[in-house]
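Coordinates from coords-v4.pdb are shown below (PDB, C-alpha atoms, pLDDT in the B column).
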ATOM      1  CA  ALA G   1      59.060  -9.672 133.333  1.00 57.00           C
ATOM      2  CA  GLN G   2      61.086  -6.511 133.440  1.00 62.00           C
ATOM      3  CA  LYS G   3      61.256  -5.171 136.962  1.00 92.00           C
ATOM      4  CA  ILE G   4      62.835  -1.811 136.223  1.00 96.00           C
ATOM      5  CA  THR G   5      61.731   0.129 133.166  1.00 96.00           C
ATOM      6  CA  GLN G   6      63.487   3.164 131.820  1.00 97.00           C
ATOM      7  CA  THR G   7      61.535   4.249 128.773  1.00 96.00           C
ATOM      8  CA  GLN G   8      63.903   6.976 127.570  1.00 96.00           C
ATOM      9  CA  PRO G   9      66.923   5.525 125.757  1.00 95.00           C
ATOM     10  CA  GLY G  10      68.237   9.056 125.236  1.00 96.00           C
ATOM     11  CA  MET G  11      67.499  12.513 126.572  1.00 96.00           C
ATOM     12  CA  PHE G  12      68.802  15.945 125.673  1.00 97.00           C
ATOM     13  CA  VAL G  13      68.812  19.015 127.896  1.00 97.00           C
ATOM     14  CA  GLN G  14      70.237  22.501 127.681  1.00 97.00           C
ATOM     15  CA  GLU G  15      72.867  23.485 130.177  1.00 97.00           C
ATOM     16  CA  LYS G  16      71.390  25.055 133.334  1.00 97.00           C
ATOM     17  CA  GLU G  17      67.945  23.571 132.720  1.00 97.00           C
ATOM     18  CA  ALA G  18      66.309  20.819 134.760  1.00 98.00           C
ATOM     19  CA  VAL G  19      65.699  17.335 133.391  1.00 98.00           C
ATOM     20  CA  THR G  20      63.654  14.368 134.571  1.00 98.00           C
ATOM     21  CA  LEU G  21      64.715  10.802 133.882  1.00 98.00           C
ATOM     22  CA  ASP G  22      61.895   8.287 134.169  1.00 98.00           C
ATOM     23  CA  CYS G  23      61.936   5.011 136.049  1.00 98.00           C
ATOM     24  CA  THR G  24      59.101   2.635 136.888  1.00 97.00           C
ATOM     25  CA  TYR G  25      59.469  -0.525 138.893  1.00 96.00           C
ATOM     26  CA  ASP G  26      57.547  -3.668 139.655  1.00 95.00           C
ATOM     27  CA  THR G  27      57.643  -5.553 142.930  1.00 91.00           C
ATOM     28  CA  SER G  28      55.251  -7.193 145.346  1.00 88.00           C
ATOM     29  CA  ASP G  29      57.667  -6.872 148.273  1.00 87.00           C
ATOM     30  CA  PRO G  30      56.609  -4.029 150.609  1.00 87.00           C
ATOM     31  CA  SER G  31      60.250  -3.414 151.541  1.00 86.00           C
ATOM     32  CA  TYR G  32      62.575  -2.346 148.757  1.00 89.00           C
ATOM     33  CA  GLY G  33      65.125   0.273 147.879  1.00 92.00           C
ATOM     34  CA  LEU G  34      65.494   2.330 144.744  1.00 95.00           C
ATOM     35  CA  PHE G  35      68.792   3.710 143.521  1.00 96.00           C
ATOM     36  CA  TRP G  36      70.141   5.858 140.747  1.00 98.00           C
ATOM     37  CA  TYR G  37      73.661   5.462 139.414  1.00 98.00           C
ATOM     38  CA  LYS G  38      75.568   7.563 136.901  1.00 98.00           C
ATOM     39  CA  GLN G  39      77.975   6.032 134.417  1.00 97.00           C
ATOM     40  CA  PRO G  40      80.091   8.613 132.575  1.00 97.00           C
ATOM     41  CA  SER G  41      81.997   7.745 129.425  1.00 95.00           C
ATOM     42  CA  SER G  42      84.978   6.784 131.585  1.00 93.00           C
ATOM     43  CA  GLY G  43      82.933   3.775 132.679  1.00 93.00           C
ATOM     44  CA  GLU G  44      82.737   3.871 136.465  1.00 94.00           C
ATOM     45  CA  MET G  45      79.422   3.480 138.287  1.00 96.00           C
ATOM     46  CA  ILE G  46      78.730   6.392 140.613  1.00 95.00           C
ATOM     47  CA  PHE G  47      76.021   6.191 143.261  1.00 95.00           C
ATOM     48  CA  LEU G  48      73.767   9.266 143.175  1.00 97.00           C
ATOM     49  CA  ILE G  49      70.704   8.840 145.353  1.00 96.00           C
ATOM     50  CA  TYR G  50      68.633   6.327 147.316  1.00 95.00           C
ATOM     51  CA  GLN G  51      64.928   6.100 148.175  1.00 95.00           C
ATOM     52  CA  GLY G  52      63.528   3.537 150.588  1.00 92.00           C
ATOM     53  CA  SER G  53      60.027   2.176 150.132  1.00 91.00           C
ATOM     54  CA  TYR G  54      58.985   3.397 153.577  1.00 90.00           C
ATOM     55  CA  ASP G  55      60.497   6.845 153.240  1.00 90.00           C
ATOM     56  CA  GLN G  56      57.821   9.498 153.545  1.00 89.00           C
ATOM     57  CA  GLN G  57      59.795  12.226 151.854  1.00 93.00           C
ATOM     58  CA  ASN G  58      61.462  12.342 148.484  1.00 95.00           C
ATOM     59  CA  ALA G  59      65.220  11.899 148.648  1.00 95.00           C
ATOM     60  CA  THR G  60      67.483  14.791 147.696  1.00 95.00           C
ATOM     61  CA  GLU G  61      71.249  14.984 147.235  1.00 95.00           C
ATOM     62  CA  GLY G  62      72.488  18.351 146.046  1.00 96.00           C
ATOM     63  CA  ARG G  63      71.199  18.895 142.497  1.00 97.00           C
ATOM     64  CA  TYR G  64      69.631  15.427 142.427  1.00 97.00           C
ATOM     65  CA  SER G  65      66.190  14.661 143.716  1.00 97.00           C
ATOM     66  CA  LEU G  66      64.048  11.599 143.416  1.00 97.00           C
ATOM     67  CA  ASN G  67      60.375  12.030 142.614  1.00 96.00           C
ATOM     68  CA  PHE G  68      58.958   8.967 144.367  1.00 96.00           C
ATOM     69  CA  GLN G  69      55.341   8.113 143.573  1.00 96.00           C
ATOM     70  CA  LYS G  70      54.710   4.838 145.341  1.00 94.00           C
ATOM     71  CA  ALA G  71      51.189   4.230 144.081  1.00 94.00           C
ATOM     72  CA  ARG G  72      52.383   4.647 140.519  1.00 95.00           C
ATOM     73  CA  LYS G  73      55.550   2.670 141.234  1.00 95.00           C
ATOM     74  CA  SER G  74      57.707   5.376 139.779  1.00 97.00           C
ATOM     75  CA  ALA G  75      61.023   6.788 140.967  1.00 97.00           C
ATOM     76  CA  ASN G  76      62.040   9.522 138.573  1.00 98.00           C
ATOM     77  CA  LEU G  77      65.382  11.281 138.901  1.00 98.00           C
ATOM     78  CA  VAL G  78      65.332  15.057 138.637  1.00 98.00           C
ATOM     79  CA  ILE G  79      68.581  16.852 137.898  1.00 98.00           C
ATOM     80  CA  SER G  80      68.365  20.586 138.425  1.00 96.00           C
ATOM     81  CA  ALA G  81      70.618  23.167 136.759  1.00 96.00           C
ATOM     82  CA  SER G  82      72.212  20.662 134.379  1.00 97.00           C
ATOM     83  CA  GLN G  83      75.940  20.889 133.804  1.00 97.00           C
ATOM     84  CA  LEU G  84      78.035  19.618 130.911  1.00 97.00           C
ATOM     85  CA  GLY G  85      79.543  17.061 133.271  1.00 97.00           C
ATOM     86  CA  ASP G  86      76.111  15.516 133.778  1.00 98.00           C
ATOM     87  CA  SER G  87      76.314  13.966 130.311  1.00 98.00           C
ATOM     88  CA  ALA G  88      76.379  10.232 131.035  1.00 98.00           C
ATOM     89  CA  MET G  89      74.310   7.060 131.210  1.00 98.00           C
ATOM     90  CA  TYR G  90      71.930   6.967 134.148  1.00 98.00           C
ATOM     91  CA  PHE G  91      70.706   3.719 135.613  1.00 98.00           C
ATOM     92  CA  CYS G  92      67.748   3.161 137.891  1.00 98.00           C
ATOM     93  CA  ALA G  93      68.015   0.084 140.097  1.00 96.00           C
ATOM     94  CA  MET G  94      65.910  -1.703 142.673  1.00 94.00           C
ATOM     95  CA  ARG G  95      67.338  -3.708 145.539  1.00 90.00           C
ATOM     96  CA  GLU G  96      65.837  -7.113 146.112  1.00 81.00           C
ATOM     97  CA  GLY G  97      66.661  -9.209 149.154  1.00 75.00           C
ATOM     98  CA  ARG G  98      66.912  -8.473 152.852  1.00 73.00           C
ATOM     99  CA  GLY G  99      70.587  -8.410 153.733  1.00 71.00           C
ATOM    100  CA  GLY G 100      73.282 -10.888 154.600  1.00 74.00           C
ATOM    101  CA  GLY G 101      74.482 -10.817 151.015  1.00 71.00           C
ATOM    102  CA  SER G 102      71.119 -11.863 149.603  1.00 78.00           C
ATOM    103  CA  GLU G 103      70.388  -8.394 148.342  1.00 82.00           C
ATOM    104  CA  LYS G 104      71.046  -7.665 144.690  1.00 86.00           C
ATOM    105  CA  LEU G 105      70.477  -4.704 142.446  1.00 91.00           C
ATOM    106  CA  VAL G 106      68.190  -5.164 139.460  1.00 94.00           C
ATOM    107  CA  PHE G 107      68.970  -2.520 136.865  1.00 96.00           C
ATOM    108  CA  GLY G 108      67.021  -0.811 134.134  1.00 96.00           C
ATOM    109  CA  LYS G 109      68.457  -0.463 130.640  1.00 96.00           C
ATOM    110  CA  GLY G 110      69.615   3.060 131.287  1.00 97.00           C
ATOM    111  CA  THR G 111      69.056   6.520 129.824  1.00 98.00           C
ATOM    112  CA  LYS G 112      71.797   8.352 127.991  1.00 97.00           C
ATOM    113  CA  LEU G 113      71.671  12.018 128.956  1.00 98.00           C
ATOM    114  CA  THR G 114      73.360  14.630 126.801  1.00 98.00           C
ATOM    115  CA  VAL G 115      73.716  18.163 128.129  1.00 97.00           C
ATOM    116  CA  ASN G 116      74.079  20.736 125.380  1.00 96.00           C
ATOM    117  CA  PRO G 117      75.967  24.017 125.912  1.00 94.00           C
TER     118      PRO G 117
ATOM    119  CA  ASP J 118      91.835   6.468 148.770  1.00 65.00           C
ATOM    120  CA  THR J 119      90.224   4.003 146.386  1.00 70.00           C
ATOM    121  CA  ALA J 120      87.225   2.345 148.036  1.00 92.00           C
ATOM    122  CA  VAL J 121      86.690  -0.562 145.623  1.00 96.00           C
ATOM    123  CA  SER J 122      89.537  -1.391 143.272  1.00 96.00           C
ATOM    124  CA  GLN J 123      89.808  -3.906 140.467  1.00 96.00           C
ATOM    125  CA  THR J 124      92.733  -5.224 138.460  1.00 96.00           C
ATOM    126  CA  PRO J 125      93.286  -5.257 135.624  1.00 97.00           C
ATOM    127  CA  LYS J 126      91.269  -2.443 134.091  1.00 96.00           C
ATOM    128  CA  TYR J 127      91.579  -3.932 130.628  1.00 97.00           C
ATOM    129  CA  LEU J 128      92.032  -7.568 129.665  1.00 97.00           C
ATOM    130  CA  VAL J 129      92.420  -8.784 126.093  1.00 97.00           C
ATOM    131  CA  THR J 130      92.802 -12.501 125.555  1.00 97.00           C
ATOM    132  CA  GLN J 131      92.206 -15.350 123.155  1.00 97.00           C
ATOM    133  CA  MET J 132      89.285 -17.761 123.207  1.00 97.00           C
ATOM    134  CA  GLY J 133      89.951 -20.799 125.337  1.00 97.00           C
ATOM    135  CA  ASN J 134      92.303 -19.050 127.761  1.00 97.00           C
ATOM    136  CA  ASP J 135      91.811 -18.828 131.516  1.00 97.00           C
ATOM    137  CA  LYS J 136      91.931 -15.429 133.203  1.00 97.00           C
ATOM    138  CA  SER J 137      91.338 -13.849 136.605  1.00 97.00           C
ATOM    139  CA  ILE J 138      90.075 -10.472 137.761  1.00 98.00           C
ATOM    140  CA  LYS J 139      90.863  -9.262 141.257  1.00 97.00           C
ATOM    141  CA  CYS J 140      88.786  -7.014 143.490  1.00 97.00           C
ATOM    142  CA  GLU J 141      89.587  -5.405 146.810  1.00 97.00           C
ATOM    143  CA  GLN J 142      87.554  -3.092 149.025  1.00 97.00           C
ATOM    144  CA  ASN J 143      88.805  -1.001 151.936  1.00 95.00           C
ATOM    145  CA  LEU J 144      85.372   0.059 153.193  1.00 94.00           C
ATOM    146  CA  GLY J 145      85.131  -2.630 155.838  1.00 93.00           C
ATOM    147  CA  HIS J 146      82.072  -4.083 154.097  1.00 93.00           C
ATOM    148  CA  ASP J 147      80.918  -7.632 154.678  1.00 91.00           C
ATOM    149  CA  THR J 148      79.361  -8.254 151.272  1.00 92.00           C
ATOM    150  CA  MET J 149      80.916  -8.212 147.819  1.00 94.00           C
ATOM    151  CA  TYR J 150      79.405  -8.741 144.377  1.00 95.00           C
ATOM    152  CA  TRP J 151      80.254  -9.336 140.760  1.00 96.00           C
ATOM    153  CA  TYR J 152      78.109  -7.755 138.056  1.00 97.00           C
ATOM    154  CA  LYS J 153      78.412  -8.125 134.295  1.00 97.00           C
ATOM    155  CA  GLN J 154      77.647  -5.276 131.888  1.00 97.00           C
ATOM    156  CA  ASP J 155      77.081  -6.461 128.334  1.00 95.00           C
ATOM    157  CA  SER J 156      77.625  -4.627 125.073  1.00 93.00           C
ATOM    158  CA  LYS J 157      74.176  -3.016 125.358  1.00 93.00           C
ATOM    159  CA  LYS J 158      75.126  -1.601 128.765  1.00 94.00           C
ATOM    160  CA  PHE J 159      72.770  -3.931 130.611  1.00 94.00           C
ATOM    161  CA  LEU J 160      73.999  -4.755 134.127  1.00 96.00           C
ATOM    162  CA  LYS J 161      73.226  -8.062 135.776  1.00 95.00           C
ATOM    163  CA  ILE J 162      74.367  -9.612 139.002  1.00 94.00           C
ATOM    164  CA  MET J 163      76.502 -12.732 138.837  1.00 95.00           C
ATOM    165  CA  PHE J 164      77.559 -13.524 142.393  1.00 93.00           C
ATOM    166  CA  SER J 165      77.493 -12.211 145.920  1.00 91.00           C
ATOM    167  CA  TYR J 166      79.598 -13.190 148.909  1.00 91.00           C
ATOM    168  CA  ASN J 167      78.972 -12.384 152.551  1.00 89.00           C
ATOM    169  CA  ASN J 168      81.899 -12.880 154.909  1.00 87.00           C
ATOM    170  CA  LYS J 169      83.581 -15.201 152.405  1.00 85.00           C
ATOM    171  CA  GLU J 170      80.429 -17.280 151.928  1.00 88.00           C
ATOM    172  CA  LEU J 171      78.750 -17.556 148.518  1.00 89.00           C
ATOM    173  CA  ILE J 172      75.194 -16.276 148.776  1.00 88.00           C
ATOM    174  CA  ILE J 173      74.017 -15.470 145.242  1.00 87.00           C
ATOM    175  CA  ASN J 174      74.957 -17.512 142.174  1.00 89.00           C
ATOM    176  CA  GLU J 175      72.799 -16.176 139.414  1.00 89.00           C
ATOM    177  CA  THR J 176      72.779 -19.048 136.888  1.00 77.00           C
ATOM    178  CA  VAL J 177      76.263 -18.245 135.716  1.00 85.00           C
ATOM    179  CA  PRO J 178      78.129 -20.908 133.690  1.00 90.00           C
ATOM    180  CA  ASN J 179      80.416 -22.946 135.909  1.00 90.00           C
ATOM    181  CA  ARG J 180      83.368 -21.691 133.862  1.00 95.00           C
ATOM    182  CA  PHE J 181      83.073 -18.685 136.177  1.00 95.00           C
ATOM    183  CA  SER J 182      84.386 -19.343 139.663  1.00 94.00           C
ATOM    184  CA  PRO J 183      84.483 -16.619 142.289  1.00 94.00           C
ATOM    185  CA  LYS J 184      86.816 -16.901 145.240  1.00 93.00           C
ATOM    186  CA  SER J 185      86.854 -14.843 148.417  1.00 93.00           C
ATOM    187  CA  PRO J 186      90.037 -15.362 150.458  1.00 92.00           C
ATOM    188  CA  ASP J 187      88.829 -12.822 153.022  1.00 92.00           C
ATOM    189  CA  LYS J 188      85.945 -10.411 153.236  1.00 90.00           C
ATOM    190  CA  ALA J 189      87.953  -7.583 151.673  1.00 95.00           C
ATOM    191  CA  HIS J 190      88.744  -9.523 148.507  1.00 96.00           C
ATOM    192  CA  LEU J 191      86.630 -11.184 145.851  1.00 96.00           C
ATOM    193  CA  ASN J 192      88.288 -12.564 142.756  1.00 96.00           C
ATOM    194  CA  LEU J 193      86.708 -13.901 139.595  1.00 96.00           C
ATOM    195  CA  HIS J 194      88.335 -16.687 137.637  1.00 97.00           C
ATOM    196  CA  ILE J 195      87.065 -17.550 134.190  1.00 96.00           C
ATOM    197  CA  ASN J 196      88.017 -20.788 132.446  1.00 96.00           C
ATOM    198  CA  SER J 197      87.894 -21.538 128.724  1.00 97.00           C
ATOM    199  CA  LEU J 198      86.955 -18.015 127.727  1.00 97.00           C
ATOM    200  CA  GLU J 199      84.344 -17.611 124.998  1.00 96.00           C
ATOM    201  CA  LEU J 200      83.558 -14.704 122.687  1.00 96.00           C
ATOM    202  CA  GLY J 201      80.330 -14.076 124.604  1.00 94.00           C
ATOM    203  CA  ASP J 202      82.273 -13.440 127.782  1.00 96.00           C
ATOM    204  CA  SER J 203      83.408 -10.112 126.377  1.00 97.00           C
ATOM    205  CA  ALA J 204      81.901  -7.509 128.689  1.00 97.00           C
ATOM    206  CA  VAL J 205      82.708  -5.112 131.495  1.00 97.00           C
ATOM    207  CA  TYR J 206      82.841  -6.829 134.877  1.00 98.00           C
ATOM    208  CA  PHE J 207      82.134  -4.737 137.948  1.00 98.00           C
ATOM    209  CA  CYS J 208      82.933  -5.609 141.499  1.00 97.00           C
ATOM    210  CA  ALA J 209      80.845  -3.941 144.212  1.00 96.00           C
ATOM    211  CA  SER J 210      80.617  -4.015 147.970  1.00 95.00           C
ATOM    212  CA  SER J 211      78.132  -3.119 150.677  1.00 92.00           C
ATOM    213  CA  ARG J 212      77.542  -3.656 154.375  1.00 87.00           C
ATOM    214  CA  GLY J 213      74.988  -6.325 153.446  1.00 81.00           C
ATOM    215  CA  LEU J 214      72.391  -4.971 155.840  1.00 77.00           C
ATOM    216  CA  GLY J 215      69.519  -4.108 153.504  1.00 72.00           C
ATOM    217  CA  GLY J 216      67.673  -0.930 154.485  1.00 70.00           C
ATOM    218  CA  THR J 217      69.571   2.154 153.347  1.00 73.00           C
ATOM    219  CA  ASP J 218      72.638   0.090 152.530  1.00 83.00           C
ATOM    220  CA  THR J 219      74.300   1.171 149.279  1.00 89.00           C
ATOM    221  CA  GLN J 220      76.433  -0.853 146.911  1.00 92.00           C
ATOM    222  CA  TYR J 221      79.628   0.863 145.833  1.00 94.00           C
ATOM    223  CA  PHE J 222      81.180  -0.160 142.572  1.00 96.00           C
ATOM    224  CA  GLY J 223      84.737  -0.601 141.430  1.00 96.00           C
ATOM    225  CA  PRO J 224      85.972   0.981 138.194  1.00 95.00           C
ATOM    226  CA  GLY J 225      85.202  -2.102 136.116  1.00 97.00           C
ATOM    227  CA  THR J 226      87.336  -4.495 134.072  1.00 97.00           C
ATOM    228  CA  ARG J 227      86.786  -4.505 130.335  1.00 97.00           C
ATOM    229  CA  LEU J 228      87.326  -8.046 129.088  1.00 97.00           C
ATOM    230  CA  THR J 229      87.746  -8.595 125.360  1.00 97.00           C
ATOM    231  CA  VAL J 230      87.884 -12.164 124.061  1.00 97.00           C
ATOM    232  CA  LEU J 231      89.270 -12.514 120.543  1.00 96.00           C
TER     233      LEU J 231
END
Show me this structure written as structure tokens.
Amino acid sequence: AQKITQTQPGMFVQEKEAVTLDCTYDTSDPSYGLFWYKQPSSGEMIFLIYQGSYDQQNATEGRYSLNFQKARKSANLVISASQLGDSAMYFCAMREGRGGGSEKLVFGKGTKLTVNP
Amino acid sequence: DTAVSQTPKYLVTQMGNDKSIKCEQNLGHDTMYWYKQDSKKFLKIMFSYNNKELIINETVPNRFSPKSPDKAHLNLHINSLELGDSAVYFCASSRGLGGTDTQYFGPGTRLTVL
């Protein structure tokens, strides 16, 4: 069963507008972490933002915020004031495991975001 | 300063050959990982090491053998390469503590098997 679902294979947004990338997850573990990574065309994986399952507030990092709805098991990424450089693949991931090297990231299939000028 | 580095960045080789990819991290992390990204961009964990000890081996063919000489290095050796091994291989590292711990990725190695 797929544990991380990203239902939007591709998204388009106008420069300077906000965009929401969807992510739903499935786990029975009460302790988990949710991550978003950006992969530009150059190929590297860039960490953007983290949300812990016990965090009371939504995570924010500059123009990135994570809309965490625990009951719905969703962790959507919101990018405000989109820039041309935001065009990339975006991956949602969930950490399984408790440390000591046992933790692993389970990734969704990704969303390709294109920012139009 | 590069936090997680991999060499080579590109690797083109013939079927049946043996090749290695090297990874080094200067973050002082205890845990290192190998992930494989296939042609559809799907990322999946292969291995994890904690302080040179193999922790995760995610049903990877035994043609793949990771080696960790010290906790800052994790290499991946692949024997008898097959066409299906063509992919981008990412090394990553973390403190291995769970909680807010984040995995940081290297730039990836694009392996093409002809």
- Message: Residues of chain J within 9 Å of chain G, counting all atoms listed in the file - could you list those as JSON, numbers by chain?
- Response: {"J": [147, 148, 149, 150, 157, 158, 159, 160, 161, 162, 165, 166, 167, 168, 170, 171, 172, 173, 205, 207, 211, 212, 213, 214, 215, 216, 217, 218, 219, 220, 221, 222, 223, 224, 225]}
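Coordinates place CA of Asp155 (chain J) at a distance of 29.7 Å from CA of Arg72 (chain G).
CA of Thr226 (chain J) to CA of Cys208 (chain J) spans 8.7 Å [interatomic distance, one decimal].
Going from CA of Ser122 (chain J) over to CA of Gln142 (chain J), you cover 6.3 Å.
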- the PyMOL selection byres ((chain G and resi 65) around 6) resolved against shown file, as an NGL selection string: :G and (59-60 or 64 or 66 or 77-78)
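By chain and then residue number, the residues within 7 Å of region 178-181 of chain J are J:Leu193, J:His194, J:Ile195, J:Asn196, J:Ser197, counting all atoms listed in the file and disregarding those fewer than 3 positions away in sequence.
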Applying 8 Å and only C-alpha atoms, which residues near Tyr25 (chain G) remain after dropping the ones on its own chain fewer than 5 positions away? List them as a JSON list (two decimals) with C-alpha atoms, in the coordinates of the input.
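Listed below is the output, out-v3.json:
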[["chain", "number", "residue", "atom", "x", "y", "z"],
["G", 3, "LYS", "CA", 61.26, -5.17, 136.96],
["G", 4, "ILE", "CA", 62.84, -1.81, 136.22],
["G", 5, "THR", "CA", 61.73, 0.13, 133.17],
["G", 73, "LYS", "CA", 55.55, 2.67, 141.23],
["G", 74, "SER", "CA", 57.71, 5.38, 139.78],
["G", 75, "ALA", "CA", 61.02, 6.79, 140.97],
["G", 94, "MET", "CA", 65.91, -1.70, 142.67]]
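Using all atoms listed in the file for every distance, the candidate list J:Ala204, J:Leu191, J:Leu144, J:Leu231 yields J:Ala204 as the residue closest to Lys126 (chain J).
When the PyMOL selection byres ((chain G and resi 7) around 9) is run on the displayed coordinates, the residues it returns are Thr5, Gln6, Gln8, Pro9, Gly10, Leu21, Asp22, Cys23, Thr24, Lys109, Gly110 and Thr111 of chain G.
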- Residue neighbourhood Ser87 (chain G), 9 Å, all atoms listed in the file, exclusion window fewer than 3 positions, as a ChimeraX atom specification: /G:40-41,82-84,112-116
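Residue neighbourhood of Gln131 (chain J), excluding near-sequence residues (fewer than 2 positions): Val129, Gly133, Asn134, Leu198, Glu199, Leu200, Thr229, Val230 and Leu231 of chain J, at 9 Å, using all atoms listed in the file.
Considering the residues J:Arg227, J:Gly201, J:Trp151, J:Gln123 and counting all atoms listed in the file, Glu175 (chain J) has its shortest atom-to-atom contact with J:Trp151.
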May I have the centre and edge lengths, in Å to one decimal, of an axis-aligned box around the listed atoms of region 188-200 of chain J with 5 Å added to every side, as AutoDock Vina command-line options?
--center_x 86.2 --center_y -14.6 --center_z 138.0 --size_x 15.2 --size_y 24.0 --size_z 40.5
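With distances restricted to only C-alpha atoms, J:Ser137 is the closest residue to Lys184 (chain J) from J:Gly145, J:Ala209, J:Ser137, J:Val121.
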